[in-house]
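K.L.:
Attaching a single structure in structure tokens format; questions to follow.
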Amino acid sequence: MKPKIAFFDFTSCEGCQLNKLNFENDLLDILKHVDIVEFREAMDDKADHYDIAFIEGSITSPSCVERIHDIRRRSDVLVALGACAVNGGINAMKNLHPIDEVRETVYGDDKYLFATLPAMAVSAVVKVDHEVRGCPMTQQDFLKLLLALVLGKQPPKYDSPVCLECKLKENECLYNRGMVCLGPITRGGCDAVCPSFGQFCTGCRGILDNPNIDGMLEVLTTHGISLDEAKKRMLLFNSNEVQL
Amino acid sequence: MSRDLDIKVHHLTRVEGHGNIVVNMKDGVLEKAHLSIVEPPRFFEAMMKGRSFREAAIITSRICGICSLGHQMTSLVTTEDALGLEISEQTVLLRKLLVHGATLQSNILHAYFLAAPDFLNVGSVFPLIATHKDVVLRALRMKRLANDIADIVSGRAVHPITPVPGGFSRIPEKAELLEIKRRLLEEGLPDGLATIETMKSLAGAIPQFERETEYISLKHPDEYALYQGDIFSSDTGATPVSNYLDVTNEFVVHHSTSKHAKHHRSSYFVGALARWNNNHAQLGEEALAAAEAMGLKPNCYNPYMNTIAQVVEAVHCILDSVRIIDKLIDRGLKNEKPNQSPTRYGRGVGSNEVPRGILFHDYTYDNKGNIIKANCIIPTGQNLANIDDDMVKLVPELMDKSKEEITLNLEMLVRAYDPCISCSVHMLEVDFIE
């Protein structure tokens with residue numbers, strides 16, 4: 001029987017979901033191997049049980065917490081899709097400011113009208129079985145994971161830096177162009193897509209488990225860039241993980 | 001007719017983001033009819049504080065995956081206005097090509113995947129694979145073409161890479177642009193014409209409902225405005241983009257985490273139908289013929305026809321993309337580096353037409369090029385009051401129908417606006433307390 005899969009969006013831009021609707025060439029083939037039973041952005045149907053639930057977005061309100069518990073209860077396997085779900089991503093930048101101050105400056109007298117929590121990874125609330133990193137997640141990454149799950153295999157893991165993939169593509173180092181690039185310490189798997197298009201790595205796939213800190217410091221020193229400047233850039237997608 | 005009616009659609013499907021439709025009628029008196037926005041607040045402007053001008057567009061593109069190119073373009077023109085960064089004609093042309101690609105992608109996604117299932121009485125595009133396979137394949141092909149424009153010019157369709165303040169971090173190759181041109185003419189144009197035929201056959205399912213309102217869009221002296229121009233209101237005429245706060249007048253309502261907006265009346269309309277009503281005379285003859293074939297006339301006061309106006313724009317985007325590529329190639333592509341040397345630091349305001357309507361960004365920078373204050377006003381937020389006003393007029397007109405039919409009509413109404421709810425609750429304006 002085809003596995004029943006479902007997609008759910010929490011606080012996010014829904015760009016990772018959109019990337020699935022952008023499978024123009026493969027969509028019909030994918031549908032031969034799985035049944036999509038719930039996907040609010042694209043369809044009306046709802047289901048009670050999911051073999052695989054894909055979660056996009058961060059947990060940022062009490063109603064998000066309640067909803068993710070409910071989905072987890074009804075799912076055999078739960079996958080975090082994209083930076084917002086994996087570690088809070090760009091949403092977590094709001095955690096850098098005191099939440100009550102942000103709320104008050106936003107809604108003024110109505111500051112307690114809409115309940116808000118710090119932006120959290122899905123794994124901060126329920127068990128996450130697998131993850132697809134990146135902002136946005138890439139279609140290839142998603143397909144590799146889906147294929148592994150459908151075939152009952154272990155999905156691929158990435159533990160080498162973006163910098164390595166960039167070197168293999170023989171790109172000019174962006175530090176030579178005066179940019180602060182997070183490639184040396186960021187988890188790869190993206191094929192160094194940003195540096196290949198002339199833009200610095202933003203760290204959207206998260207910091208490696210064992211980053212080469214000494215190597216990174218050497219690069220920064222060589223190019224006259226302060227550690228604070230590099231850390232500030234790391235906050236873009238890793239506010240929940242980086243200590244200033 | 002005296003009637004009780006209680007409709008609550010929780011987490012409306014086939015729209016971007018989370019919204020509920022709430023209607024209450026007691027003894028024939030309408031007590032409540034509105035779209036309740038329940039998307040959690042995002043606080044984007046708060047996140048922007050202290051960030052470098054090189055990061056502003058990277059952050060704001062994450063307001064919305066569907067509209068990421070539109071936010072990025074608007075962020076860039078805002079930063080360039082604030083920092084006095086001049087950009088080249090080649091940069092403007094490449095940006096306009098990207099805007100066409102994004103508009104084509106988004107309008108086709110909405111017309112085929114989000115709106116059309118209603119006209120064919122199905123819950124999503126997926127059952128149509130069995131019943132209308134050629135139509136689904138055509139929609140996928142058009143989306144792929146639009147996304148390929150984005151992939152080639154900007155690195156990727158969702159959260160583009162190459163558009164940076166002052167220009168592009170990579171210039172596409174001539175051969176890449178010529179290949180896009182070939183596909184626009186050989187696939188895009190025939191598919192666009194076939195789309196008109198498909199929509200014509202579905203036009204009978206579009207509800208007949210009219211409510212004249214104020215239509216607000218950009219207006220450009222030389223072209224159908226999508227990239228920059230002046231603000232234009234069908235009620236009050238033109239005003240510079242820097243006066244946008246006088247137009248948007250945002251206010252908090254308790255049923256929505258997104259602010260509402262109003263200008264000359266209690267609400268106004270933004271999006272493809274507003275652009276059509278304000279600027280249709282600047283479309284080419286092919287797009288005008290498409291409009292005529294699908295029954296879209298100037299001025300049109302039926303909000304359900306927004307989807308048809310989007311298809312007209314899709315035809316325009318296909319043909320104008322070819323003209324832009326010709327121009328880029330005639331001029332000769334230059335490997336320009338982006339101009340990132342500020343000539344001043346201060347406030348900048350930028351505006352573009354994104355698929356769902358007019359978008360404003362407003363940033364103030366300190367003298368190190370870091371953001372002190374940011375404000376973004378989103379098309380869907382501007383449309384929310386207009387949707388509520390439509391519902392208030394529409395519900396009494398549907399009193400002879402069943403609750404299910406009324407609900408479907410209301411869902412279709414909201415979908416016709418192609419709302420982007422993640423965008424609209426990007427956050428309300430923040431004044432940072434120092």
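Residue numbering restarts at 1 in every chain; chains get A, B, ... in the order shown in the structure tokens, and ligands count up from 1 in that same order.
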Can you tell me, as a PyMOL selection string, which residues in range 51-94 of chain A count as strand (DSSP E) by DSSP?
P.N.:
chain A and resi 51-56+75-81
K.L.:
Please provide the set of residues having any atom within 6 Å of range 75-88 of chain B, restricted to only C-alpha atoms, with same-chain residues fewer than 5 positions apart removed, written as a PyMOL selection string.
P.N.:
chain B and resi 57+165-166+342-350
K.L.:
May I ask for the distance between CA of His33 in chain A and CA of Leu146 in chain A, given in Å to one decimal place?
P.N.:
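CA of Leu146 in chain A lies at a distance of 10.0 Å from CA of His33 in chain A.
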K.L.:
Please build the interface table for range 38-118 of chain B against range 93-117 of chain A with a cut-off of 12 Å, listing for each qualifying residue the nearest atom pair and the distance in Å to one decimal; count only C-alpha atoms, order rows by chain and increasing number, and write it as CSV.
P.N.:
residue,atom,partner,partner_atom,distance
B:Val38,CA,A:Phe114,CA,9.0
B:Glu39,CA,A:Phe114,CA,9.9
B:Pro40,CA,A:Thr116,CA,7.4
B:Pro41,CA,A:Thr116,CA,7.4
B:Arg42,CA,A:Lys94,CA,8.2
B:Phe43,CA,A:Lys94,CA,6.6
B:Phe44,CA,A:Lys94,CA,7.6
B:Glu45,CA,A:Lys94,CA,9.2
B:Ala46,CA,A:Lys94,CA,6.4
B:Met47,CA,A:Lys94,CA,5.3
B:Met48,CA,A:Met93,CA,8.6
B:Lys49,CA,A:His97,CA,9.7
B:Gly50,CA,A:Leu96,CA,11.2
B:Arg51,CA,A:Met93,CA,10.6
B:Ile59,CA,A:Met93,CA,10.0
K.L.:
Write the selection just made, keeping N, CA and C atoms, as a PDB file, in the first residue's frame?
P.N.:
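Everything below was put into part35.pdb:
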ATOM      1  N   VAL B  38      -5.705  34.214  11.499  1.00  0.00           N
ATOM      2  CA  VAL B  38      -5.227  33.566  12.720  1.00  0.00           C
ATOM      3  C   VAL B  38      -3.782  33.100  12.597  1.00  0.00           C
ATOM      4  N   GLU B  39      -3.108  33.557  11.556  1.00  0.00           N
ATOM      5  CA  GLU B  39      -1.688  33.231  11.400  1.00  0.00           C
ATOM      6  C   GLU B  39      -0.931  33.855  12.581  1.00  0.00           C
ATOM      7  N   PRO B  40      -0.013  33.091  13.206  1.00  0.00           N
ATOM      8  CA  PRO B  40       0.732  33.704  14.303  1.00  0.00           C
ATOM      9  C   PRO B  40       1.546  34.905  13.804  1.00  0.00           C
ATOM     10  N   PRO B  41       1.656  35.978  14.617  1.00  0.00           N
ATOM     11  CA  PRO B  41       2.463  37.132  14.206  1.00  0.00           C
ATOM     12  C   PRO B  41       3.913  36.730  13.959  1.00  0.00           C
ATOM     13  N   ARG B  42       4.578  37.428  13.046  1.00  0.00           N
ATOM     14  CA  ARG B  42       5.939  37.045  12.656  1.00  0.00           C
ATOM     15  C   ARG B  42       6.994  38.006  13.214  1.00  0.00           C
ATOM     16  N   PHE B  43       6.664  39.300  13.363  1.00  0.00           N
ATOM     17  CA  PHE B  43       7.597  40.287  13.921  1.00  0.00           C
ATOM     18  C   PHE B  43       8.806  40.565  13.036  1.00  0.00           C
ATOM     19  N   PHE B  44       8.589  40.637  11.727  1.00  0.00           N
ATOM     20  CA  PHE B  44       9.730  40.838  10.831  1.00  0.00           C
ATOM     21  C   PHE B  44      10.446  42.170  11.045  1.00  0.00           C
ATOM     22  N   GLU B  45       9.670  43.258  11.202  1.00  0.00           N
ATOM     23  CA  GLU B  45      10.340  44.553  11.338  1.00  0.00           C
ATOM     24  C   GLU B  45      11.238  44.567  12.573  1.00  0.00           C
ATOM     25  N   ALA B  46      10.814  43.826  13.609  1.00  0.00           N
ATOM     26  CA  ALA B  46      11.652  43.752  14.803  1.00  0.00           C
ATOM     27  C   ALA B  46      12.958  43.029  14.494  1.00  0.00           C
ATOM     28  N   MET B  47      12.855  41.983  13.657  1.00  0.00           N
ATOM     29  CA  MET B  47      14.071  41.234  13.314  1.00  0.00           C
ATOM     30  C   MET B  47      15.054  42.090  12.524  1.00  0.00           C
ATOM     31  N   MET B  48      14.526  43.064  11.767  1.00  0.00           N
ATOM     32  CA  MET B  48      15.370  43.847  10.860  1.00  0.00           C
ATOM     33  C   MET B  48      16.303  44.800  11.604  1.00  0.00           C
ATOM     34  N   LYS B  49      15.931  45.130  12.843  1.00  0.00           N
ATOM     35  CA  LYS B  49      16.687  46.145  13.568  1.00  0.00           C
ATOM     36  C   LYS B  49      18.159  45.757  13.699  1.00  0.00           C
ATOM     37  N   GLY B  50      19.046  46.663  13.304  1.00  0.00           N
ATOM     38  CA  GLY B  50      20.479  46.444  13.443  1.00  0.00           C
ATOM     39  C   GLY B  50      21.099  45.643  12.318  1.00  0.00           C
ATOM     40  N   ARG B  51      20.272  45.125  11.373  1.00  0.00           N
ATOM     41  CA  ARG B  51      20.842  44.302  10.300  1.00  0.00           C
ATOM     42  C   ARG B  51      21.418  45.180   9.193  1.00  0.00           C
ATOM     43  N   ILE B  59      16.458  38.882   4.450  1.00  0.00           N
ATOM     44  CA  ILE B  59      15.484  38.680   5.525  1.00  0.00           C
ATOM     45  C   ILE B  59      14.057  38.854   4.999  1.00  0.00           C
TER      46      ILE B  59
END
K.L.:
Which residues come within 6 Å of range 53-55 of chain A, counting only C-alpha atoms, excluding same-chain residues fewer than 5 positions away, as a PyMOL selection string?
P.N.:
chain A and resi 5-8+78-81
K.L.:
Export N, CA and C atoms of the chosen residues as a PDB file, in the first residue's frame?
P.N.:
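Here's the written file result.pdb:
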ATOM      1  N   ILE A   5       0.953  10.376   3.174  1.00  0.00           N
ATOM      2  CA  ILE A   5       1.790  11.479   3.654  1.00  0.00           C
ATOM      3  C   ILE A   5       0.966  12.764   3.736  1.00  0.00           C
ATOM      4  N   ALA A   6       1.410  13.666   4.605  1.00  0.00           N
ATOM      5  CA  ALA A   6       0.680  14.921   4.806  1.00  0.00           C
ATOM      6  C   ALA A   6       1.678  16.044   5.059  1.00  0.00           C
ATOM      7  N   PHE A   7       1.272  17.252   4.692  1.00  0.00           N
ATOM      8  CA  PHE A   7       2.110  18.437   4.896  1.00  0.00           C
ATOM      9  C   PHE A   7       1.392  19.419   5.793  1.00  0.00           C
ATOM     10  N   PHE A   8       2.100  19.964   6.764  1.00  0.00           N
ATOM     11  CA  PHE A   8       1.511  20.939   7.682  1.00  0.00           C
ATOM     12  C   PHE A   8       2.415  22.156   7.771  1.00  0.00           C
ATOM     13  N   LEU A  78       7.643  11.646  11.764  1.00  0.00           N
ATOM     14  CA  LEU A  78       7.479  13.095  11.650  1.00  0.00           C
ATOM     15  C   LEU A  78       8.791  13.721  11.179  1.00  0.00           C
ATOM     16  N   VAL A  79       8.693  14.542  10.138  1.00  0.00           N
ATOM     17  CA  VAL A  79       9.875  15.144   9.511  1.00  0.00           C
ATOM     18  C   VAL A  79       9.781  16.665   9.606  1.00  0.00           C
ATOM     19  N   ALA A  80      10.867  17.313  10.061  1.00  0.00           N
ATOM     20  CA  ALA A  80      10.931  18.782  10.067  1.00  0.00           C
ATOM     21  C   ALA A  80      11.483  19.237   8.717  1.00  0.00           C
ATOM     22  N   LEU A  81      10.735  20.104   8.050  1.00  0.00           N
ATOM     23  CA  LEU A  81      11.111  20.575   6.707  1.00  0.00           C
ATOM     24  C   LEU A  81      11.578  22.016   6.754  1.00  0.00           C
TER      25      LEU A  81
END
K.L.:
Would you mind listing what lies within 8 Å of range 205-221 of chain A as a PyMOL selection string, with only C-alpha atoms counted and same-chain residues fewer than 3 positions away left out?
P.N.:
chain A and resi 83+87+133-135+159-161+184-188+224-227+237-238
K.L.:
Please produce a file of the residues just selected, as a PDB file, in the first residue's frame, where the atoms kept are C-alpha atoms.
P.N.:
ATOM      1  CA  ALA A  83      15.222  25.945   8.611  1.00  0.00           C
ATOM      2  CA  ASN A  87      16.035  25.186  14.400  1.00  0.00           C
ATOM      3  CA  ARG A 133      17.569  21.556   6.235  1.00  0.00           C
ATOM      4  CA  GLY A 134      17.904  24.833   4.377  1.00  0.00           C
ATOM      5  CA  CYS A 135      16.030  28.040   3.622  1.00  0.00           C
ATOM      6  CA  ASP A 159      28.390  16.619   7.937  1.00  0.00           C
ATOM      7  CA  SER A 160      30.850  18.449   5.710  1.00  0.00           C
ATOM      8  CA  PRO A 161      30.894  22.234   5.228  1.00  0.00           C
ATOM      9  CA  PRO A 184      33.521  27.262   6.295  1.00  0.00           C
ATOM     10  CA  ILE A 185      31.294  26.351   9.286  1.00  0.00           C
ATOM     11  CA  THR A 186      27.862  25.736   7.709  1.00  0.00           C
ATOM     12  CA  ARG A 187      26.453  22.266   7.069  1.00  0.00           C
ATOM     13  CA  GLY A 188      26.626  21.414   3.355  1.00  0.00           C
ATOM     14  CA  GLY A 224      40.503  41.644   8.619  1.00  0.00           C
ATOM     15  CA  ILE A 225      36.955  40.730   9.646  1.00  0.00           C
ATOM     16  CA  SER A 226      35.985  40.860  13.326  1.00  0.00           C
ATOM     17  CA  LEU A 227      34.537  37.849  15.107  1.00  0.00           C
ATOM     18  CA  PHE A 237      19.429  31.674  10.554  1.00  0.00           C
ATOM     19  CA  ASN A 238      20.902  30.396  13.825  1.00  0.00           C
TER      20      ASN A 238
END
K.L.:
Which is closer to Arg177 in chain A than all the others in A:Cys201, A:His223, A:Gly82, A:Ala192, using only C-alpha atoms?
P.N.:
A:His223
K.L.:
Quick one: everything within 10 Å of range 153-157 of chain A, counting only C-alpha atoms, minus sequence neighbours fewer than 3 positions away in the same chain. Send it as number ranges by chain.
P.N.:
A: 130-132, 141, 144-150, 160, 187-189
K.L.:
Keeping only C-alpha atoms, take the residues you just selected and write them out as a short mmCIF file (atom, residue, chain, number, x, y, z; two decimals), in the first residue's frame.
P.N.:
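Produced file part17.cif, reproduced below:
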data_model
loop_
_atom_site.label_atom_id
_atom_site.label_comp_id
_atom_site.auth_asym_id
_atom_site.auth_seq_id
_atom_site.Cartn_x
_atom_site.Cartn_y
_atom_site.Cartn_z
CA HIS A 130 14.11 13.26 10.38
CA GLU A 131 14.96 16.70 9.05
CA VAL A 132 15.47 18.46 5.72
CA ASP A 141 17.07 17.02 -0.54
CA LYS A 144 16.21 11.97 -1.37
CA LEU A 145 14.55 11.82 2.05
CA LEU A 146 11.17 10.84 0.65
CA LEU A 147 12.76 8.10 -1.44
CA ALA A 148 14.67 6.74 1.56
CA LEU A 149 11.54 6.70 3.72
CA VAL A 150 9.40 5.04 1.04
CA SER A 160 30.85 18.45 5.71
CA ARG A 187 26.45 22.27 7.07
CA GLY A 188 26.63 21.41 3.36
CA GLY A 189 24.31 19.53 1.06
#
K.L.:
When you look at Met179 in chain A with a cut-off of 9 Å (counting only C-alpha atoms), what residues show up, excluding the ones that are within fewer than 5 positions of it in the same chain? I need them as a list in words.
P.N.:
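Result of the neighbour search: Leu174, Gln199 and Phe200 of chain A.
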K.L.:
Please produce a file of those selected residues containing N, CA and C atoms, as a PDB file, in the first residue's frame.
P.N.:
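Result written to out-v6.pdb:
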ATOM      1  N   LEU A 174      34.728  33.934  -1.793  1.00  0.00           N
ATOM      2  CA  LEU A 174      34.041  35.223  -1.672  1.00  0.00           C
ATOM      3  C   LEU A 174      34.718  36.136  -0.653  1.00  0.00           C
ATOM      4  N   GLN A 199      26.942  35.000  -4.195  1.00  0.00           N
ATOM      5  CA  GLN A 199      26.427  35.561  -2.954  1.00  0.00           C
ATOM      6  C   GLN A 199      26.991  34.767  -1.773  1.00  0.00           C
ATOM      7  N   PHE A 200      27.254  35.463  -0.630  1.00  0.00           N
ATOM      8  CA  PHE A 200      27.822  34.797   0.540  1.00  0.00           C
ATOM      9  C   PHE A 200      26.863  33.741   1.110  1.00  0.00           C
TER      10      PHE A 200
END
K.L.:
Would you please extract all alpha helix (DSSP H) residues from range 2-231 of chain A, as assigned by DSSP on the backbone, and give them as a PyMOL selection string?
P.N.:
chain A and resi 15-21+27-30+62-73+82-87+99-107+139-151+162-168+193-196+213-222+227-231
K.L.:
Hey, can you spit out that residue selection with C-alpha atoms as a JSON list (two decimals), in the first residue's frame?
P.N.:
[["chain", "number", "residue", "atom", "x", "y", "z"],
["A", 15, "GLY", "CA", 8.27, 28.56, 0.68],
["A", 16, "CYS", "CA", 9.26, 24.96, 1.41],
["A", 17, "GLN", "CA", 5.70, 23.83, 0.61],
["A", 18, "LEU", "CA", 5.80, 25.92, -2.51],
["A", 19, "ASN", "CA", 8.99, 24.15, -3.55],
["A", 20, "LYS", "CA", 6.95, 20.94, -3.57],
["A", 21, "LEU", "CA", 4.32, 22.47, -5.84],
["A", 27, "LEU", "CA", 5.02, 15.65, -9.41],
["A", 28, "LEU", "CA", 3.05, 13.05, -11.33],
["A", 29, "ASP", "CA", 5.77, 10.40, -10.73],
["A", 30, "ILE", "CA", 5.88, 11.17, -7.02],
["A", 62, "PRO", "CA", 0.23, 28.21, 22.28],
["A", 63, "SER", "CA", -2.10, 27.10, 19.46],
["A", 64, "CYS", "CA", 0.96, 25.90, 17.47],
["A", 65, "VAL", "CA", 2.00, 23.79, 20.50],
["A", 66, "GLU", "CA", -1.45, 22.21, 20.74],
["A", 67, "ARG", "CA", -1.62, 21.52, 17.00],
["A", 68, "ILE", "CA", 1.84, 19.93, 16.75],
["A", 69, "HIS", "CA", 1.01, 17.61, 19.66],
["A", 70, "ASP", "CA", -2.15, 16.54, 17.89],
["A", 71, "ILE", "CA", -0.29, 15.88, 14.62],
["A", 72, "ARG", "CA", 2.51, 13.99, 16.39],
["A", 73, "ARG", "CA", -0.06, 11.75, 18.12],
["A", 82, "GLY", "CA", 13.32, 23.64, 6.30],
["A", 83, "ALA", "CA", 15.22, 25.95, 8.61],
["A", 84, "CYS", "CA", 12.16, 27.34, 10.46],
["A", 85, "ALA", "CA", 11.10, 23.83, 11.56],
["A", 86, "VAL", "CA", 14.63, 22.46, 12.11],
["A", 87, "ASN", "CA", 16.03, 25.19, 14.40],
["A", 99, "ILE", "CA", 9.34, 39.43, 23.86],
["A", 100, "ASP", "CA", 7.21, 41.81, 25.90],
["A", 101, "GLU", "CA", 8.97, 44.83, 24.43],
["A", 102, "VAL", "CA", 8.48, 43.53, 20.88],
["A", 103, "ARG", "CA", 4.81, 42.84, 21.59],
["A", 104, "GLU", "CA", 4.16, 46.23, 23.11],
["A", 105, "THR", "CA", 5.90, 48.16, 20.34],
["A", 106, "VAL", "CA", 3.96, 46.14, 17.79],
["A", 107, "TYR", "CA", 0.44, 46.07, 19.10],
["A", 139, "GLN", "CA", 13.77, 19.81, -3.89],
["A", 140, "GLN", "CA", 16.61, 17.29, -4.31],
["A", 141, "ASP", "CA", 17.07, 17.02, -0.54],
["A", 142, "PHE", "CA", 13.36, 16.48, -0.04],
["A", 143, "LEU", "CA", 13.22, 13.86, -2.79],
["A", 144, "LYS", "CA", 16.21, 11.97, -1.37],
["A", 145, "LEU", "CA", 14.55, 11.82, 2.05],
["A", 146, "LEU", "CA", 11.17, 10.84, 0.65],
["A", 147, "LEU", "CA", 12.76, 8.10, -1.44],
["A", 148, "ALA", "CA", 14.67, 6.74, 1.56],
["A", 149, "LEU", "CA", 11.54, 6.70, 3.72],
["A", 150, "VAL", "CA", 9.40, 5.04, 1.04],
["A", 151, "LEU", "CA", 12.11, 2.39, 0.52],
["A", 162, "VAL", "CA", 29.45, 24.27, 2.35],
["A", 163, "CYS", "CA", 33.05, 25.44, 1.82],
["A", 164, "LEU", "CA", 34.06, 21.95, 0.67],
["A", 165, "GLU", "CA", 31.29, 21.82, -1.95],
["A", 166, "CYS", "CA", 32.22, 25.34, -3.06],
["A", 167, "LYS", "CA", 35.89, 24.34, -3.52],
["A", 168, "LEU", "CA", 34.84, 21.30, -5.55],
["A", 193, "VAL", "CA", 24.31, 27.27, -4.39],
["A", 194, "CYS", "CA", 24.65, 30.81, -3.00],
["A", 195, "PRO", "CA", 28.43, 31.19, -3.43],
["A", 196, "SER", "CA", 28.10, 29.65, -6.90],
["A", 213, "ILE", "CA", 36.52, 27.04, 14.58],
["A", 214, "ASP", "CA", 40.29, 27.59, 14.30],
["A", 215, "GLY", "CA", 40.08, 27.49, 10.51],
["A", 216, "MET", "CA", 37.20, 29.97, 10.50],
["A", 217, "LEU", "CA", 39.07, 32.34, 12.85],
["A", 218, "GLU", "CA", 42.12, 32.16, 10.59],
["A", 219, "VAL", "CA", 40.03, 33.08, 7.53],
["A", 220, "LEU", "CA", 38.47, 36.01, 9.39],
["A", 221, "THR", "CA", 41.85, 37.28, 10.67],
["A", 222, "THR", "CA", 43.45, 36.98, 7.23],
["A", 227, "LEU", "CA", 34.54, 37.85, 15.11],
["A", 228, "ASP", "CA", 31.53, 39.97, 16.11],
["A", 229, "GLU", "CA", 30.70, 40.68, 12.49],
["A", 230, "ALA", "CA", 30.82, 36.97, 11.63],
["A", 231, "LYS", "CA", 28.69, 36.10, 14.68]]
K.L.:
Show which residues sit within 9 Å of Ile7 in chain B, as a PyMOL selection string. Count only C-alpha atoms, and ignore same-chain residues fewer than 3 positions away.
P.N.:
chain B and resi 21-25+403+406-407
K.L.:
Keeping N, CA and C atoms for every residue in the selection just given, could you write it to a file as a compact mmCIF listing (two decimals), in the first residue's frame?
P.N.:
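Here's the written file selection-v9.txt:
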# COMPACT_ATOMS: atom_id res chain seq x y z
N ILE B 21 -13.18 31.90 7.93
CA ILE B 21 -14.32 32.72 7.51
C ILE B 21 -15.39 32.60 8.59
N VAL B 22 -15.88 33.74 9.04
CA VAL B 22 -16.88 33.75 10.10
C VAL B 22 -18.09 34.56 9.64
N VAL B 23 -19.27 33.93 9.61
CA VAL B 23 -20.51 34.64 9.27
C VAL B 23 -21.58 34.28 10.29
N ASN B 24 -22.23 35.30 10.84
CA ASN B 24 -23.35 35.09 11.76
C ASN B 24 -24.54 35.90 11.30
N MET B 25 -25.70 35.24 11.14
CA MET B 25 -26.91 35.97 10.80
C MET B 25 -28.00 35.51 11.75
N LYS B 403 -26.77 26.59 2.95
CA LYS B 403 -25.60 27.00 3.73
C LYS B 403 -24.30 26.56 3.03
N ILE B 406 -23.59 28.87 0.13
CA ILE B 406 -23.12 30.17 0.61
C ILE B 406 -21.66 30.06 1.05
N THR B 407 -21.36 28.97 1.78
CA THR B 407 -19.99 28.77 2.25
C THR B 407 -19.03 28.68 1.06
K.L.:
Report, in Å with one decimal, the straight-line distance from CA of Ile63 in chain B to CA of Arg144 in chain B.
P.N.:
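One can read the CA of Ile63 in chain B to CA of Arg144 in chain B distance as 22.9 Å.
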